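The file query-v7.pdb contains PDB, C-alpha atoms and all ligand atoms:
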ATOM      1  CA  MET A 160     -20.784 -15.139  -5.372
ATOM      2  CA  ILE A 161     -19.743 -14.152  -8.877
ATOM      3  CA  LEU A 162     -16.748 -12.051  -9.820
ATOM      4  CA  LYS A 163     -18.224  -9.430 -12.156
ATOM      5  CA  ASP A 164     -15.351  -7.122 -12.966
ATOM      6  CA  LEU A 165     -11.770  -6.172 -12.195
ATOM      7  CA  CYS A 166     -10.287  -2.701 -12.004
ATOM      8  CA  GLN A 167      -6.654  -1.822 -12.376
ATOM      9  CA  VAL A 168      -5.227   1.363 -10.886
ATOM     10  CA  ASP A 169      -1.844   2.297 -12.318
ATOM     11  CA  GLY A 170       0.454   5.099 -11.314
ATOM     12  CA  GLN A 171       3.797   5.877  -9.749
ATOM     13  CA  MET A 172       4.886   6.693  -6.211
ATOM     14  CA  GLU A 173       7.351   9.527  -6.006
ATOM     15  CA  VAL A 174       9.485   9.714  -2.858
ATOM     16  CA  LEU A 175       9.353  13.241  -1.374
ATOM     17  CA  SER A 176      11.275  12.650   1.864
ATOM     18  CA  GLY A 177      13.693   9.870   2.881
ATOM     19  CA  LEU A 178      11.842   6.571   2.631
ATOM     20  CA  ARG A 179      12.747   3.823   5.068
ATOM     21  CA  ILE A 180      11.478   0.258   4.685
ATOM     22  CA  GLY A 181      13.577  -2.245   6.576
ATOM     23  CA  GLY A 182      15.323  -5.217   5.098
ATOM     24  CA  SER A 183      15.881  -8.503   6.875
ATOM     25  CA  ASP A 184      18.881  -7.209   8.822
ATOM     26  CA  ASP A 185      16.524  -5.074  10.909
ATOM     27  CA  MET A 186      16.418  -8.121  13.163
ATOM     28  CA  LEU A 187      19.865  -7.103  14.433
ATOM     29  CA  GLN A 188      18.306  -4.236  16.397
ATOM     30  CA  ILE A 189      20.384  -1.451  17.923
ATOM     31  CA  GLY A 190      24.090  -1.394  17.213
ATOM     32  CA  GLY A 191      26.632  -0.167  14.722
ATOM     33  CA  THR A 192      25.294  -2.251  11.866
ATOM     34  CA  ASP A 193      23.756  -0.467   8.928
ATOM     35  CA  LEU A 194      20.069  -1.197   8.633
ATOM     36  CA  THR A 195      19.533  -1.662   4.943
ATOM     37  CA  PHE A 196      16.529  -0.883   2.778
ATOM     38  CA  ILE A 197      14.547  -3.926   1.645
ATOM     39  CA  ARG A 198      15.749  -5.346  -1.666
ATOM     40  CA  ASP A 199      14.485  -7.877  -4.127
ATOM     41  CA  PRO A 200      16.713 -10.924  -3.577
ATOM     42  CA  ALA A 201      16.824 -11.738  -7.288
ATOM     43  CA  SER A 202      17.698  -8.309  -8.700
ATOM     44  CA  GLY A 203      19.231  -6.702  -5.613
ATOM     45  CA  LEU A 204      17.148  -3.591  -6.327
ATOM     46  CA  PRO A 205      15.100  -1.821  -3.665
ATOM     47  CA  TYR A 206      11.326  -2.178  -3.834
ATOM     48  CA  VAL A 207       8.302  -1.318  -1.736
ATOM     49  CA  PRO A 208       6.383  -4.438  -0.642
ATOM     50  CA  GLY A 209       2.684  -4.381  -1.517
ATOM     51  CA  SER A 210       1.959  -5.459   2.051
ATOM     52  CA  SER A 211       3.622  -2.268   3.367
ATOM     53  CA  ILE A 212       1.529  -0.091   1.050
ATOM     54  CA  LYS A 213      -1.693  -1.949   1.808
ATOM     55  CA  GLY A 214      -1.085  -1.967   5.559
ATOM     56  CA  ARG A 215      -0.500   1.764   5.639
ATOM     57  CA  MET A 216      -3.516   2.497   3.437
ATOM     58  CA  ARG A 217      -5.671   0.411   5.749
ATOM     59  CA  ALA A 218      -4.320   1.955   8.959
ATOM     60  CA  ALA A 219      -4.726   5.478   7.587
ATOM     61  CA  LEU A 220      -8.313   4.838   6.522
ATOM     62  CA  GLU A 221      -9.149   3.156   9.839
ATOM     63  CA  SER A 222      -7.913   6.240  11.701
ATOM     64  CA  ALA A 223      -9.937   8.526   9.466
ATOM     65  CA  LEU A 224     -13.108   6.472   9.885
ATOM     66  CA  GLY A 225     -12.635   5.688  13.577
ATOM     67  CA  LYS A 226     -12.491   1.930  12.894
ATOM     68  CA  GLY A 227     -10.407  -0.574  14.815
ATOM     69  CA  ASP A 228      -8.574   0.240  18.020
ATOM     70  CA  SER A 229      -5.243  -1.291  18.867
ATOM     71  CA  GLU A 230      -6.145  -4.062  16.424
ATOM     72  CA  PRO A 231      -7.294  -3.666  12.811
ATOM     73  CA  CYS A 232     -11.064  -3.811  12.211
ATOM     74  CA  ARG A 233     -12.617  -7.280  12.119
ATOM     75  CA  CYS A 234     -16.296  -6.380  12.393
ATOM     76  CA  ALA A 235     -17.025  -8.182   9.072
ATOM     77  CA  GLN A 236     -20.128  -6.024   8.507
ATOM     78  CA  ARG A 237     -21.399  -5.801   4.930
ATOM     79  CA  ASN A 238     -21.155  -2.012   4.967
ATOM     80  CA  CYS A 239     -17.723  -1.725   6.610
ATOM     81  CA  PRO A 240     -15.387  -0.225   3.991
ATOM     82  CA  ILE A 241     -12.346  -1.572   5.821
ATOM     83  CA  CYS A 242     -13.544  -5.168   6.129
ATOM     84  CA  VAL A 243     -15.034  -5.299   2.621
ATOM     85  CA  VAL A 244     -12.080  -3.759   0.783
ATOM     86  CA  PHE A 245      -9.135  -4.851   2.947
ATOM     87  CA  GLY A 246     -10.629  -7.941   4.587
ATOM     88  CA  PRO A 247     -11.649  -8.528   8.218
ATOM     89  CA  HIS A 248      -8.501  -8.885  10.304
ATOM     90  CA  GLN A 249      -7.684 -12.473  11.294
ATOM     91  CA  LYS A 250     -11.263 -13.617  10.869
ATOM     92  CA  ALA A 251     -11.533 -16.822   8.902
ATOM     93  CA  LYS A 252     -15.333 -17.145   9.050
ATOM     94  CA  HIS A 253     -17.353 -14.341   7.495
ATOM     95  CA  GLU A 254     -19.669 -13.705   4.559
ATOM     96  CA  LEU A 255     -17.884 -10.835   2.865
ATOM     97  CA  GLY A 256     -16.116 -12.935   0.263
ATOM     98  CA  PRO A 257     -12.488 -12.433  -0.739
ATOM     99  CA  THR A 258     -10.556  -9.250  -0.004
ATOM    100  CA  ARG A 259     -11.373  -6.821  -2.805
ATOM    101  CA  LEU A 260      -8.068  -4.972  -2.922
ATOM    102  CA  ILE A 261      -4.842  -6.391  -4.327
ATOM    103  CA  VAL A 262      -1.728  -4.262  -3.869
ATOM    104  CA  HIS A 263       1.257  -5.174  -5.997
ATOM    105  CA  ASP A 264       4.861  -4.710  -4.958
ATOM    106  CA  GLY A 265       6.221  -1.330  -6.016
ATOM    107  CA  LEU A 266       9.223  -2.034  -8.211
ATOM    108  CA  LEU A 267      11.478   0.770  -9.360
ATOM    109  CA  VAL A 268      10.139   2.607 -12.393
ATOM    110  CA  PRO A 269      12.311   1.573 -15.364
ATOM    111  CA  GLY A 270      15.151   4.041 -15.828
ATOM    112  CA  CYS A 271      14.967   5.318 -12.243
ATOM    113  CA  ILE A 272      18.323   5.083 -10.480
ATOM    114  CA  PRO A 273      17.662   5.391  -6.756
ATOM    115  CA  VAL A 274      19.950   7.335  -4.480
ATOM    116  CA  PHE A 275      20.538   5.829  -1.065
ATOM    117  CA  GLU A 276      21.218   8.028   1.923
ATOM    118  CA  SER A 277      22.486   7.084   5.355
ATOM    119  CA  LYS A 278      20.728   8.587   8.316
ATOM    120  CA  THR A 279      22.191   8.165  11.776
ATOM    121  CA  GLU A 280      19.727   8.137  14.602
ATOM    122  CA  SER A 281      20.333   8.016  18.310
ATOM    123  CA  VAL A 282      18.465   8.254  21.558
ATOM    124  CA  ASN A 283      19.379  11.395  23.495
ATOM    125  CA  ASN A 284      19.701  11.483  27.253
ATOM    126  CA  ARG A 285      17.248  14.224  28.221
ATOM    127  CA  SER A 286      19.331  15.641  31.062
ATOM    128  CA  THR A 287      22.839  15.509  29.579
ATOM    129  CA  GLY A 288      21.950  15.657  25.875
ATOM    130  CA  ALA A 289      24.404  12.829  25.244
ATOM    131  CA  ALA A 290      23.607  10.542  22.338
ATOM    132  CA  LYS A 291      23.459   6.832  22.965
ATOM    133  CA  ASN A 292      22.734   3.751  20.896
ATOM    134  CA  PRO A 293      23.493   5.383  17.544
ATOM    135  CA  ARG A 294      22.456   3.400  14.486
ATOM    136  CA  THR A 295      22.638   4.120  10.827
ATOM    137  CA  LEU A 296      19.616   3.602   8.623
ATOM    138  CA  GLU A 297      19.565   3.342   4.870
ATOM    139  CA  ARG A 298      16.889   5.414   3.204
ATOM    140  CA  ILE A 299      15.864   6.080  -0.365
ATOM    141  CA  ALA A 300      16.445   9.746  -1.125
ATOM    142  CA  PRO A 301      13.713  12.012  -2.516
ATOM    143  CA  GLY A 302      13.146  11.783  -6.252
ATOM    144  CA  ALA A 303      13.000   7.992  -6.614
ATOM    145  CA  ARG A 304       9.923   6.574  -8.278
ATOM    146  CA  PHE A 305       8.266   3.217  -7.714
ATOM    147  CA  VAL A 306       5.447   1.596  -9.661
ATOM    148  CA  PHE A 307       2.072   1.902  -7.919
ATOM    149  CA  ARG A 308      -0.360  -0.779  -9.061
ATOM    150  CA  LEU A 309      -3.598  -1.967  -7.488
ATOM    151  CA  GLY A 310      -6.316  -4.391  -8.462
ATOM    152  CA  ILE A 311      -9.919  -4.146  -7.259
ATOM    153  CA  LYS A 312     -12.353  -7.040  -7.485
ATOM    154  CA  PHE A 313     -16.072  -6.370  -7.924
ATOM    155  CA  TYR A 314     -18.501  -9.151  -6.954
ATOM    156  CA  ASP A 315     -22.253  -9.369  -7.504
ATOM    157  CA  LEU A 316     -22.850  -8.797  -3.781
ATOM    158  CA  ASP A 317     -21.080  -5.412  -4.046
ATOM    159  CA  GLU A 318     -23.930  -3.906  -6.105
ATOM    160  CA  LYS A 319     -25.430  -2.491  -2.891
ATOM    161  CA  PHE A 320     -22.168  -1.573  -1.181
ATOM    162  CA  SER A 321     -22.074   2.183  -0.635
ATOM    163  CA  TYR A 322     -19.515   4.670   0.557
ATOM    164  CA  ASP A 323     -19.832   8.235   1.699
ATOM    165  CA  ASN A 324     -16.530  10.104   1.699
ATOM    166  CA  LYS A 325     -18.239  13.150   3.300
ATOM    167  CA  ASP A 326     -16.530  15.599   0.914
ATOM    168  CA  LYS A 327     -18.334  14.087  -2.034
ATOM    169  CA  LYS A 328     -21.752  12.594  -2.683
ATOM    170  CA  PRO A 329     -22.310   8.959  -1.606
ATOM    171  CA  VAL A 330     -21.651   6.343  -4.264
ATOM    172  CA  THR A 331     -22.573   2.672  -4.654
ATOM    173  CA  GLY A 332     -21.294  -0.472  -6.338
ATOM    174  CA  LYS A 333     -18.064  -0.250  -8.334
ATOM    175  CA  ASP A 334     -17.823   3.485  -7.742
ATOM    176  CA  ALA A 335     -17.998   2.907  -3.988
ATOM    177  CA  LEU A 336     -15.197   0.331  -3.991
ATOM    178  CA  LEU A 337     -13.017   2.667  -6.037
ATOM    179  CA  GLU A 338     -13.877   5.625  -3.797
ATOM    180  CA  VAL A 339     -12.741   3.699  -0.686
ATOM    181  CA  VAL A 340      -9.451   2.952  -2.428
ATOM    182  CA  TYR A 341      -8.989   6.563  -3.572
ATOM    183  CA  HIS A 342      -9.732   7.815  -0.084
ATOM    184  CA  ALA A 343      -7.044   5.476   1.312
ATOM    185  CA  MET A 344      -4.607   6.658  -1.402
ATOM    186  CA  ASP A 345      -5.205  10.297  -0.432
ATOM    187  CA  LEU A 346      -4.558   9.440   3.202
ATOM    188  CA  LEU A 347      -1.406   7.510   2.283
ATOM    189  CA  GLU A 348      -0.038  10.712   0.766
ATOM    190  CA  THR A 349      -0.931  12.621   3.917
ATOM    191  CA  MET A 350       0.360  10.103   6.431
ATOM    192  CA  GLY A 351       3.384   8.716   4.612
ATOM    193  CA  LEU A 352       4.852   5.283   4.073
ATOM    194  CA  GLY A 353       7.393   3.084   5.831
ATOM    195  CA  ALA A 354       9.151   3.790   9.108
ATOM    196  CA  GLY A 355       9.558   7.089  10.923
ATOM    197  CA  THR A 356       6.660   8.976   9.360
ATOM    198  CA  GLY A 357       6.267  10.804  12.678
ATOM    199  CA  LYS A 358       9.769  12.199  12.135
ATOM    200  CA  GLY A 359       9.031  13.299   8.592
ATOM    201  CA  TYR A 360      10.230  10.173   6.786
ATOM    202  CA  GLY A 361       8.355   8.513   3.985
ATOM    203  CA  GLU A 362       6.370  11.332   2.447
ATOM    204  CA  ILE A 363       5.209  10.196  -0.962
ATOM    205  CA  ARG A 364       3.074  11.447  -3.806
ATOM    206  CA  ILE A 365       1.094   9.244  -6.169
ATOM    207  CA  VAL A 366       1.407  10.612  -9.673
ATOM    208  CA  GLY A 367      -0.204   9.892 -13.012
ATOM    209  CA  ASP A 368      -2.668   7.388 -11.611
ATOM    210  CA  LYS A 369      -5.580   6.187 -13.664
ATOM    211  CA  SER A 370      -8.135   3.467 -13.133
ATOM    212  CA  SER A 371      -9.837   1.193 -15.618
ATOM    213  CA  TRP A 372     -12.534  -1.428 -15.172
ATOM    214  CA  GLY A 373     -13.068  -4.180 -17.699
ATOM    215  CA  GLY A 374     -10.297  -6.470 -16.518
ATOM    216  CA  LEU A 375     -12.449  -9.561 -16.919
ATOM    217  CA  GLN A 376     -12.829  -9.138 -20.661
ATOM    218  CA  ARG A 377     -10.977 -11.722 -22.629
ATOM    219  CA  ARG A 378      -7.911 -10.326 -24.245
ATOM    220  CA  ARG A 379      -6.632 -13.357 -26.099
ATOM    221  CA  SER A 380      -7.630 -14.026 -29.641
ATOM    222  CA  VAL A 381     -10.006 -16.933 -30.078
ATOM    223  CA  ASN A 382      -8.757 -17.685 -33.567
ATOM    224  CA  ILE A 383      -7.543 -21.232 -33.450
ATOM    225  CA  VAL A 384      -4.724 -21.890 -35.823
ATOM    226  CA  ALA A 385      -4.363 -25.482 -36.950
ATOM    227  CA  VAL A 386      -1.084 -26.944 -35.879
ATOM    228  CA  PRO A 387       0.593 -28.706 -38.801
ATOM    229  CA  ALA A 388       0.895 -32.441 -38.272
TER     230      ALA A 388
HETATM  231 ZN    ZN B 401     -14.918  -3.694   9.835
END

I'd like the structure from this file rewritten - as structure tokens, please.
Ligand SMILES: [Zn+2]
Amino acid sequence: MILKDLCQVDGQMEVLSGLRIGGSDDMLQIGGTDLTFIRDPASGLPYVPGSSIKGRMRAALESALGKGDSEPCRCAQRNCPICVVFGPHQKAKHELGPTRLIVHDGLLVPGCIPVFESKTESVNNRSTGAAKNPRTLERIAPGARFVFRLGIKFYDLDEKFSYDNKDKKPVTGKDALLEVVYHAMDLLETMGLGAGTGKGYGEIRIVGDKSSWGGLQRRRSVNIVAVPA
């Protein structure tokens, strides 16, 4: 199996409704403690883990394609867009090669100062209406922007991989890999990111994205400068 090309997709994620991605104190469960947004331990700044983005893209695409049930798809078929692009779930032995999609952590866009908002949630007693177990969540308010960056790997065995997004004409090879990723990005915008999307949290929009293949070309100069003795 030969790696033939790399694609980079670059854009930004704009938060449209309160985004909630839990930090480590979510382990404390219900109580009066604030549940903070996940932060980079080095900088202290909030970020969106690549694993959260990738997981939601995968789940959204699986729902749309009717793949997987309670567990993510692990069919490992050559033509399964989920298993080829995202990898077969917990399956060590297969012939699909490495996962094609790399999702980078979404760091804050330089210059963006995020606004945090506190949202108190509770469970209501259905007969009395009384609130119980209130807890306060930290969310990122609408307007914040995070970097959205993906990498896509194209191997020789992907030449025959094809994808039919129904709305468009079927495509093969590199175009098919990219189309799977774009489809998942569209669904991510529809279905939202992070916790509480069913309550309207985590609506995002991907803006200014562009893709470029050619990532395997050498970028460094080959001019060798003699080092003085
Ligand atoms: Zn599959």

| said: Can you spell out as a ChimeraX atom specification the set of residues that the PyMOL selection byres (((chain A and resi 223-236) around 7) and not hetatm) selects in the structure I just provided? | reply: /A:219-222,237-239,241-242,247-248,250,253,255

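Note that CA of Ala300 (chain A) and CA of Leu175 (chain A) are 7.9 Å apart.
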
| said: Under the rule that all atoms listed in the file are counted, which of A:Gly361, A:Gly246, A:Gly265, A:Gly209 is the nearest residue to ligand ZN 401 (chain B)? | reply: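 Looking at the shortest contact to ligand ZN 401 (chain B), the residue is A:Gly246.
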
| request: Apply the PyMOL selection byres (((chain A and resi 214) around 12) and not hetatm) to the file shown and report the selected residues as a list in words. | output: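 Given this file, the PyMOL selection byres (((chain A and resi 214) around 12) and not hetatm) evaluates to Val207, Pro208, Gly209, Ser210, Ser211, Ile212, Lys213, Arg215, Met216, Arg217, Ala218, Ala219, Leu220, Glu221, Pro231, Ile241, Phe245, Gly246, His248, Leu260, Ile261, Val262, Ala343, Met344, Leu347, Gly351, Leu352 and Gly353 of chain A.
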
| Atomic separation - CA of Glu338 (chain A) relative to CA of Leu165 (chain A), Å |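 Value for the CA of Leu165 (chain A)-CA of Glu338 (chain A) distance: 14.6 Å.
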
| note | Nearest to Leu337 (chain A), restricted to all atoms listed in the file and choosing among A:Val306, A:Ile197, A:Ala290, A:Cys166, comes out as A:Cys166

| said: Please list as a PyMOL selection string every residue within 9 Å of Trp372 (chain A), counting all atoms listed in the file and excluding residues in the same chain fewer than 3 positions away. | reply: chain A and resi 164-168+311+333+375

| request: Quote the spacing between CA of Gln171 (chain A) and CA of Pro269 (chain A) in Å to one decimal place. | output: 11.1 Å

| field | Best match for closeness to Lys278 (chain A) among A:Val244, A:Val366, A:Leu178, A:Val340, counting only C-alpha atoms | value |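 Residue with the minimum atom-to-atom distance to Lys278 (chain A): A:Leu178.
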